[in-house]
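The structure file protein-v5.cif is reproduced below (mmCIF, C-alpha atoms).
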data_entry
#
loop_
_atom_site.group_PDB
_atom_site.id
_atom_site.type_symbol
_atom_site.label_atom_id
_atom_site.label_comp_id
_atom_site.auth_asym_id
_atom_site.auth_seq_id
_atom_site.Cartn_x
_atom_site.Cartn_y
_atom_site.Cartn_z
ATOM 1 C CA MET A 1423 87.808 119.922 61.918
ATOM 2 C CA SER A 1424 88.394 118.798 65.467
ATOM 3 C CA PRO A 1425 86.890 120.798 68.350
ATOM 4 C CA PRO A 1426 89.259 123.234 70.095
ATOM 5 C CA GLN A 1427 91.198 121.788 73.041
ATOM 6 C CA ALA A 1428 91.142 123.517 76.425
ATOM 7 C CA ALA A 1429 94.640 124.967 76.003
ATOM 8 C CA ASP A 1430 93.763 126.342 72.529
ATOM 9 C CA VAL A 1431 90.892 128.271 74.035
ATOM 10 C CA THR A 1432 92.653 129.358 77.220
ATOM 11 C CA GLN A 1433 95.939 130.488 75.699
ATOM 12 C CA PRO A 1434 94.713 133.591 73.772
ATOM 13 C CA LEU A 1435 92.601 134.678 76.747
ATOM 14 C CA TYR A 1436 95.610 134.338 79.058
ATOM 15 C CA GLU A 1437 97.909 136.207 76.716
ATOM 16 C CA LYS A 1438 95.382 139.029 76.321
ATOM 17 C CA ALA A 1439 94.875 139.327 80.070
ATOM 18 C CA VAL A 1440 98.487 138.938 81.227
ATOM 19 C CA GLY A 1441 100.256 140.393 78.222
ATOM 20 C CA LYS A 1442 102.718 137.541 77.721
ATOM 21 C CA PRO A 1443 102.585 133.994 76.349
ATOM 22 C CA MET A 1444 101.328 131.289 78.621
ATOM 23 C CA GLN A 1445 104.056 128.936 79.863
ATOM 24 C CA THR A 1446 103.217 125.266 80.190
ATOM 25 C CA ALA A 1447 105.045 122.642 82.176
ATOM 26 C CA THR A 1448 104.602 118.960 82.807
ATOM 27 C CA VAL A 1449 104.595 118.017 86.463
ATOM 28 C CA HIS A 1450 105.282 114.363 87.235
ATOM 29 C CA VAL A 1451 103.070 113.167 90.060
ATOM 30 C CA LYS A 1452 104.216 109.891 91.538
ATOM 31 C CA SER A 1453 101.115 107.721 91.271
ATOM 32 C CA ALA A 1454 101.584 106.162 94.707
ATOM 33 C CA ASP A 1455 100.878 109.571 96.226
ATOM 34 C CA TRP A 1456 97.292 109.045 95.143
ATOM 35 C CA LEU A 1457 96.895 105.356 95.807
ATOM 36 C CA THR A 1458 96.235 103.208 98.829
ATOM 37 C CA PRO A 1459 98.745 100.331 99.354
ATOM 38 C CA GLY A 1460 96.308 97.841 97.811
ATOM 39 C CA ALA A 1461 95.735 99.993 94.750
ATOM 40 C CA PHE A 1462 99.485 100.487 94.402
ATOM 41 C CA LEU A 1463 100.063 96.726 94.463
ATOM 42 C CA ALA A 1464 97.182 96.168 92.041
ATOM 43 C CA GLU A 1465 98.802 98.597 89.628
ATOM 44 C CA GLN A 1466 102.088 96.707 89.917
ATOM 45 C CA LEU A 1467 100.639 93.203 89.659
ATOM 46 C CA ALA A 1468 97.305 93.195 87.892
ATOM 47 C CA ARG A 1469 98.787 91.972 84.638
ATOM 48 C CA CYS A 1470 100.300 88.889 86.272
ATOM 49 C CA ARG A 1471 98.136 86.012 85.138
ATOM 50 C CA GLU A 1472 98.551 84.011 88.362
ATOM 51 C CA VAL A 1473 96.901 86.815 90.372
ATOM 52 C CA ARG A 1474 93.257 86.022 91.089
ATOM 53 C CA MET A 1475 92.395 89.107 93.105
ATOM 54 C CA ILE A 1476 93.817 91.901 95.215
ATOM 55 C CA LEU A 1477 91.674 93.053 98.109
ATOM 56 C CA GLU A 1478 92.076 95.641 100.772
ATOM 57 C CA ARG A 1479 90.317 96.157 104.065
ATOM 58 C CA PHE A 1480 90.739 97.743 107.453
ATOM 59 C CA GLU A 1481 91.517 95.340 110.248
ATOM 60 C CA LYS A 1482 91.692 96.107 113.949
ATOM 61 C CA GLU A 1483 95.065 97.792 114.030
ATOM 62 C CA ARG A 1484 96.213 97.920 110.448
ATOM 63 C CA TYR A 1485 95.492 98.166 106.805
ATOM 64 C CA ALA A 1486 95.382 94.685 105.250
ATOM 65 C CA VAL A 1487 96.146 93.923 101.634
ATOM 66 C CA ILE A 1488 95.374 90.378 100.525
ATOM 67 C CA ILE A 1489 96.807 89.065 97.285
ATOM 68 C CA VAL A 1490 95.191 85.816 96.179
ATOM 69 C CA LEU A 1491 97.211 83.738 93.744
ATOM 70 C CA GLU A 1492 96.384 80.736 91.650
ATOM 71 C CA ARG A 1493 100.002 79.558 91.840
ATOM 72 C CA ASP A 1494 103.017 81.047 93.569
ATOM 73 C CA PRO A 1495 106.061 80.666 91.294
ATOM 74 C CA GLU A 1496 109.168 82.190 92.823
ATOM 75 C CA ASP A 1497 109.578 84.941 90.234
ATOM 76 C CA LEU A 1498 106.086 86.205 91.017
ATOM 77 C CA LEU A 1499 106.735 86.086 94.776
ATOM 78 C CA ASP A 1500 109.944 88.046 94.224
ATOM 79 C CA ARG A 1501 108.024 90.651 92.275
ATOM 80 C CA ILE A 1502 105.370 90.934 94.980
ATOM 81 C CA PHE A 1503 107.908 91.307 97.780
ATOM 82 C CA ASP A 1504 109.919 93.846 95.799
ATOM 83 C CA ALA A 1505 106.730 95.879 95.545
ATOM 84 C CA GLU A 1506 106.016 95.296 99.232
ATOM 85 C CA ARG A 1507 109.405 96.757 100.126
ATOM 86 C CA GLU A 1508 108.507 99.887 98.174
ATOM 87 C CA LEU A 1509 105.410 100.235 100.319
ATOM 88 C CA TYR A 1510 107.584 100.682 103.402
ATOM 89 C CA THR A 1511 109.128 103.750 101.780
ATOM 90 C CA LEU A 1512 105.986 105.122 100.180
ATOM 91 C CA TYR A 1513 103.674 104.634 103.164
ATOM 92 C CA ARG A 1514 106.046 105.234 106.051
ATOM 93 C CA GLY A 1515 104.072 105.377 109.263
ATOM 94 C CA LEU A 1516 101.010 103.559 107.967
ATOM 95 C CA PRO A 1517 100.614 100.176 109.685
ATOM 96 C CA PHE A 1518 99.834 97.605 107.025
ATOM 97 C CA ASP A 1519 100.058 93.892 106.402
ATOM 98 C CA VAL A 1520 100.441 92.211 103.040
ATOM 99 C CA ARG A 1521 99.126 88.641 102.927
ATOM 100 C CA VAL A 1522 99.974 86.564 99.870
ATOM 101 C CA MET A 1523 97.795 83.490 99.811
ATOM 102 C CA THR A 1524 97.675 80.552 97.438
ATOM 103 C CA PRO A 1525 94.547 78.647 98.442
ATOM 104 C CA PRO A 1526 93.358 75.336 96.972
ATOM 105 C CA PRO A 1527 91.237 75.429 93.762
ATOM 106 C CA SER A 1528 88.054 74.779 95.764
ATOM 107 C CA TRP A 1529 88.548 78.019 97.721
ATOM 108 C CA ARG A 1530 85.835 80.670 97.418
ATOM 109 C CA PRO A 1531 86.368 84.322 98.290
ATOM 110 C CA ASP A 1532 83.025 84.933 100.073
ATOM 111 C CA ASP A 1533 84.443 85.261 103.621
ATOM 112 C CA LEU A 1534 87.369 87.335 102.492
ATOM 113 C CA LEU A 1535 85.138 89.783 100.680
ATOM 114 C CA GLN A 1536 83.275 90.682 103.874
ATOM 115 C CA GLY A 1537 84.206 94.275 104.539
ATOM 116 C CA ALA A 1538 86.763 94.361 101.766
ATOM 117 C CA PHE A 1539 86.982 96.367 98.614
ATOM 118 C CA ALA A 1540 88.651 94.850 95.608
ATOM 119 C CA HIS A 1541 91.209 96.648 93.520
ATOM 120 C CA TYR A 1542 91.544 93.820 91.085
ATOM 121 C CA MET A 1543 89.472 90.763 90.475
ATOM 122 C CA ARG A 1544 89.395 88.311 87.623
ATOM 123 C CA PRO A 1545 86.142 88.157 85.682
ATOM 124 C CA GLU A 1546 85.588 84.516 86.695
ATOM 125 C CA ASP A 1547 85.495 85.549 90.362
ATOM 126 C CA HIS A 1548 82.899 88.277 89.867
ATOM 127 C CA GLY A 1549 80.044 85.831 90.307
ATOM 128 C CA ASN A 1550 81.304 84.949 93.769
ATOM 129 C CA ARG A 1551 80.832 88.425 95.177
ATOM 130 C CA MET B 502 123.957 94.231 126.032
ATOM 131 C CA GLY B 503 122.374 91.353 124.312
ATOM 132 C CA ILE B 504 124.886 88.537 123.952
ATOM 133 C CA ALA B 505 123.623 86.547 126.913
ATOM 134 C CA GLU B 506 120.082 87.470 125.975
ATOM 135 C CA SER B 507 120.422 85.911 122.519
ATOM 136 C CA SER B 508 121.190 82.564 124.081
ATOM 137 C CA PRO B 509 117.610 81.510 124.993
ATOM 138 C CA ASP B 510 116.553 82.192 121.398
ATOM 139 C CA LEU B 511 119.353 80.075 119.996
ATOM 140 C CA LYS B 512 118.385 77.261 122.369
ATOM 141 C CA LEU B 513 114.805 77.528 121.186
ATOM 142 C CA ILE B 514 115.934 77.129 117.576
ATOM 143 C CA GLN B 515 117.774 73.954 118.557
ATOM 144 C CA HIS B 516 114.649 72.720 120.306
ATOM 145 C CA ASP B 517 112.550 73.417 117.188
ATOM 146 C CA LEU B 518 115.040 71.455 115.113
ATOM 147 C CA GLU B 519 114.590 68.488 117.469
ATOM 148 C CA VAL B 520 110.815 68.795 117.161
ATOM 149 C CA LEU B 521 111.159 68.830 113.377
ATOM 150 C CA ALA B 522 113.370 65.723 113.435
ATOM 151 C CA THR B 523 110.921 63.912 115.733
ATOM 152 C CA LEU B 524 107.955 64.856 113.567
ATOM 153 C CA SER B 525 109.764 63.753 110.435
ATOM 154 C CA VAL B 526 110.650 60.318 111.812
ATOM 155 C CA ALA B 527 107.217 59.711 113.390
ATOM 156 C CA SER B 528 105.317 60.700 110.240
ATOM 157 C CA SER B 529 107.438 58.459 108.033
ATOM 158 C CA ARG B 530 106.747 55.479 110.312
ATOM 159 C CA LYS B 531 102.998 55.772 109.818
ATOM 160 C CA SER B 532 101.445 53.453 107.286
ATOM 161 C CA PRO B 533 100.799 55.018 104.871
ATOM 162 C CA PRO B 534 103.273 57.816 105.727
ATOM 163 C CA LEU B 535 101.603 60.996 106.934
ATOM 164 C CA ASP B 536 102.238 64.158 104.926
ATOM 165 C CA VAL B 537 103.429 66.744 107.446
ATOM 166 C CA SER B 538 104.960 69.117 104.911
ATOM 167 C CA ASP B 539 102.704 71.888 106.265
ATOM 168 C CA TRP B 540 104.245 71.661 109.745
ATOM 169 C CA LYS B 541 107.750 71.200 108.374
ATOM 170 C CA CYS B 542 107.325 74.491 106.553
ATOM 171 C CA THR B 543 105.829 76.137 109.623
ATOM 172 C CA LEU B 544 108.676 75.004 111.891
ATOM 173 C CA LEU B 545 111.242 76.339 109.428
ATOM 174 C CA PHE B 546 109.485 79.678 109.415
ATOM 175 C CA TYR B 547 109.398 79.845 113.209
ATOM 176 C CA MET B 548 113.077 79.000 113.382
ATOM 177 C CA ALA B 549 113.780 81.863 110.957
ATOM 178 C CA CYS B 550 111.562 84.095 113.044
ATOM 179 C CA ILE B 551 113.510 83.244 116.224
ATOM 180 C CA TYR B 552 116.786 84.037 114.461
ATOM 181 C CA MET B 553 115.305 87.476 113.842
ATOM 182 C CA LYS B 554 114.303 87.772 117.495
ATOM 183 C CA ALA B 555 117.824 86.823 118.580
ATOM 184 C CA LEU B 556 119.275 89.619 116.452
ATOM 185 C CA GLY B 557 116.587 91.975 117.725
ATOM 186 C CA ARG B 558 117.591 91.267 121.331
ATOM 187 C CA LEU B 559 121.259 91.777 120.508
ATOM 188 C CA ARG B 560 120.437 95.171 119.072
ATOM 189 C CA GLY B 561 118.044 96.147 121.835
ATOM 190 C CA ARG B 562 115.041 96.026 119.537
ATOM 191 C CA ASP B 563 111.762 94.866 121.010
ATOM 192 C CA LEU B 564 110.075 92.690 118.383
ATOM 193 C CA GLN B 565 106.615 92.086 119.777
ATOM 194 C CA ASP B 566 104.934 90.694 116.695
ATOM 195 C CA HIS B 567 105.378 89.584 113.108
ATOM 196 C CA TYR B 568 104.556 93.067 111.812
ATOM 197 C CA SER B 569 107.517 94.594 113.644
ATOM 198 C CA ILE B 570 109.824 91.990 112.119
ATOM 199 C CA LYS B 571 108.430 92.599 108.639
ATOM 200 C CA GLN B 572 108.904 96.325 108.957
ATOM 201 C CA TRP B 573 112.443 95.941 110.280
ATOM 202 C CA ILE B 574 113.529 93.439 107.651
ATOM 203 C CA ASN B 575 112.221 95.633 104.842
ATOM 204 C CA THR B 576 113.864 98.829 106.028
ATOM 205 C CA ASP B 577 117.231 97.901 107.611
ATOM 206 C CA VAL B 578 120.078 97.956 105.087
ATOM 207 C CA ALA B 579 121.730 94.870 106.613
ATOM 208 C CA LEU B 580 118.514 92.875 106.370
ATOM 209 C CA VAL B 581 116.883 93.824 103.068
ATOM 210 C CA THR B 582 118.974 91.189 101.300
ATOM 211 C CA ILE B 583 116.995 88.491 103.119
ATOM 212 C CA ALA B 584 113.631 90.266 103.185
ATOM 213 C CA LYS B 585 112.250 88.341 100.224
ATOM 214 C CA SER B 586 113.423 84.956 101.506
ATOM 215 C CA TYR B 587 111.931 85.660 104.915
ATOM 216 C CA ARG B 588 108.605 86.864 103.489
ATOM 217 C CA LYS B 589 108.309 83.922 101.071
ATOM 218 C CA LEU B 590 108.892 81.566 103.969
ATOM 219 C CA GLU B 591 106.367 83.437 106.114
ATOM 220 C CA GLU B 592 103.583 83.361 103.520
ATOM 221 C CA ARG B 593 104.122 79.648 102.784
ATOM 222 C CA SER B 594 103.843 79.046 106.513
ATOM 223 C CA ARG B 595 100.620 81.062 106.682
ATOM 224 C CA ASP B 596 99.185 79.042 103.792
ATOM 225 C CA ALA B 597 100.102 75.848 105.642
ATOM 226 C CA ARG B 598 98.399 76.954 108.857
ATOM 227 C CA TYR B 599 95.339 78.762 107.518
ATOM 228 C CA GLU B 600 94.685 77.159 104.134
ATOM 229 C CA GLY B 601 95.766 73.583 104.914
ATOM 230 C CA ARG B 602 98.290 73.713 102.120
ATOM 231 C CA LEU B 603 100.683 70.801 101.734
ATOM 232 C CA TYR B 604 103.968 71.050 99.872
ATOM 233 C CA SER B 605 105.738 69.073 97.187
ATOM 234 C CA ARG B 606 109.379 68.030 97.393
ATOM 235 C CA ASN B 607 110.402 70.946 95.170
ATOM 236 C CA GLU B 608 108.443 73.425 97.253
ATOM 237 C CA LEU B 609 110.049 72.126 100.453
ATOM 238 C CA ASP B 610 113.443 72.524 98.805
ATOM 239 C CA GLN B 611 112.564 76.162 98.088
ATOM 240 C CA VAL B 612 111.449 76.660 101.661
ATOM 241 C CA TYR B 613 114.741 75.144 102.891
ATOM 242 C CA ARG B 614 116.752 77.478 100.645
ATOM 243 C CA TRP B 615 114.866 80.535 101.934
ATOM 244 C CA PHE B 616 115.455 79.378 105.513
ATOM 245 C CA CYS B 617 119.199 79.008 104.827
ATOM 246 C CA ASP B 618 119.355 82.564 103.431
ATOM 247 C CA VAL B 619 117.923 83.916 106.669
ATOM 248 C CA ARG B 620 119.986 81.616 108.921
ATOM 249 C CA ASP B 621 123.288 82.466 107.224
ATOM 250 C CA GLN B 622 122.744 86.224 107.194
ATOM 251 C CA ILE B 623 121.528 86.422 110.782
ATOM 252 C CA SER B 624 124.221 84.044 112.090
ATOM 253 C CA GLY B 625 126.823 86.300 110.461
ATOM 254 C CA LEU B 626 125.349 89.412 112.042
ATOM 255 C CA LEU B 627 125.137 87.719 115.450
ATOM 256 C CA LYS B 628 128.779 86.704 115.146
ATOM 257 C CA GLN B 629 129.751 90.245 114.144
ATOM 258 C CA GLY B 630 127.885 91.434 117.220
ATOM 259 C CA GLY B 631 130.006 89.224 119.450
ATOM 260 C CA VAL B 632 127.701 86.250 119.971
ATOM 261 C CA GLN B 633 129.822 83.112 120.445
ATOM 262 C CA ASP B 634 128.962 79.469 119.894
ATOM 263 C CA ILE B 635 126.143 79.923 117.439
ATOM 264 C CA PRO B 636 124.853 76.399 116.844
ATOM 265 C CA LEU B 637 124.894 75.030 113.321
ATOM 266 C CA ILE B 638 121.263 74.454 112.466
ATOM 267 C CA ASP B 639 120.687 72.386 109.347
ATOM 268 C CA PRO B 640 117.208 70.901 108.960
ATOM 269 C CA LYS B 641 117.940 69.404 105.516
ATOM 270 C CA THR B 642 117.759 65.778 106.629
ATOM 271 C CA CYS B 643 114.395 66.366 108.378
ATOM 272 C CA LEU B 644 112.568 67.557 105.264
#

Now that the file is in, can you turn its structure into structure tokens?
Amino acid sequence: MSPPQAADVTQPLYEKAVGKPMQTATVHVKSADWLTPGAFLAEQLARCREVRMILERFEKERYAVIIVLERDPEDLLDRIFDAERELYTLYRGLPFDVRVMTPPPSWRPDDLLQGAFAHYMRPEDHGNR
Amino acid sequence: MGIAESSPDLKLIQHDLEVLATLSVASSRKSPPLDVSDWKCTLLFYMACIYMKALGRLRGRDLQDHYSIKQWINTDVALVTIAKSYRKLEERSRDARYEGRLYSRNELDQVYRWFCDVRDQISGLLKQGGVQDIPLIDPKTCL
């Protein structure tokens, strides 16, 4: 027998105390309300295999999101800039900059990681932190 | 307001086209030819950027930096259709300048197409706004 779930335990107590059945409702919380721009983009793009990492950091006057790609096929760029446009609605008033970079294979992320926190990073780049 | 003020921007675009043509010829005359695809891409982006500035002036909008342009292009109904082309062009240009990236023929063709999207939309809006004698800027032969 599985252990009782929270609602199973709470419901009889509620009914006894209030004298009527407990009403439940599902409230949809738009995830972006809880995410920074970088985390929002990571959620949108992390499954794209050309994405090497998505970093975020504070710069002098704005929030910077850096998306590092292995290749930049046009369909991926379209997807990124569709998501970027959403940011302007979701984060109205927040100054931010999205940089989409496609560096050469020899590139290492060391400098970029200074002062940054990563929302997504491929396992092969972990050793470079 | 604005029509006369758009003129210096349009002249600057023509100047950039001449620079691009000069660069293209000079680089091809080198032996072996010098790959200047990075600066070709960058010049196309700056020409697109100046088109945006010209429209900004016409509409009394002070575009001080690239961030203001990005915000405007992503939020104005008349401009969102070219937002992706502009941003793709911008990020390729940033890669050229900061990452030393060079571009293949196909990639330059993409860059040209994105530039044309921006040029055509902005030229149309400038014309609608009363700007006369918008020069025809076609960098195809320089790429």

Q.
Would you mind listing, as a ChimeraX atom specification, all residues of chain B that have at least one atom within 12 Å of chain A, where all atoms listed in the file are what counts?
A. /B:566-578,580-604,607-608,611-612,614-615

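Against this structure, the PyMOL selection byres ((chain B and resi 635) around 10) ends up with Ser507, Ser508, Leu511, Lys512, Ser624, Gly625, Leu627, Lys628, Val632, Gln633, Asp634, Pro636, Leu637 and Ile638 of chain B.
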
Store the residues of this selection in a file with C-alpha atoms, as a compact mmCIF listing (two decimals), keeping the file's coordinate frame.
# COMPACT_ATOMS: atom_id res chain seq x y z
CA SER B 507 120.42 85.91 122.52
CA SER B 508 121.19 82.56 124.08
CA LEU B 511 119.35 80.08 120.00
CA LYS B 512 118.38 77.26 122.37
CA SER B 624 124.22 84.04 112.09
CA GLY B 625 126.82 86.30 110.46
CA LEU B 627 125.14 87.72 115.45
CA LYS B 628 128.78 86.70 115.15
CA VAL B 632 127.70 86.25 119.97
CA GLN B 633 129.82 83.11 120.44
CA ASP B 634 128.96 79.47 119.89
CA PRO B 636 124.85 76.40 116.84
CA LEU B 637 124.89 75.03 113.32
CA ILE B 638 121.26 74.45 112.47

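Atom pair CA of Ser529 in chain B / CA of Cys643 in chain B has a distance of 10.5 Å (rounded to one decimal).
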
Q.
With all atoms listed in the file as the counted atoms, please give the residues lying no more than 8 Å from Phe1539 in chain A, apart from itself and same-chain residues fewer than 5 positions off, as number ranges by chain.
A. A: 1477-1479

Q.
So the first atom is CA of Gln1466 in chain A and the second is CA of Ala1486 in chain A; what is the distance between them in Å, to one decimal place?
A. 16.9 Å
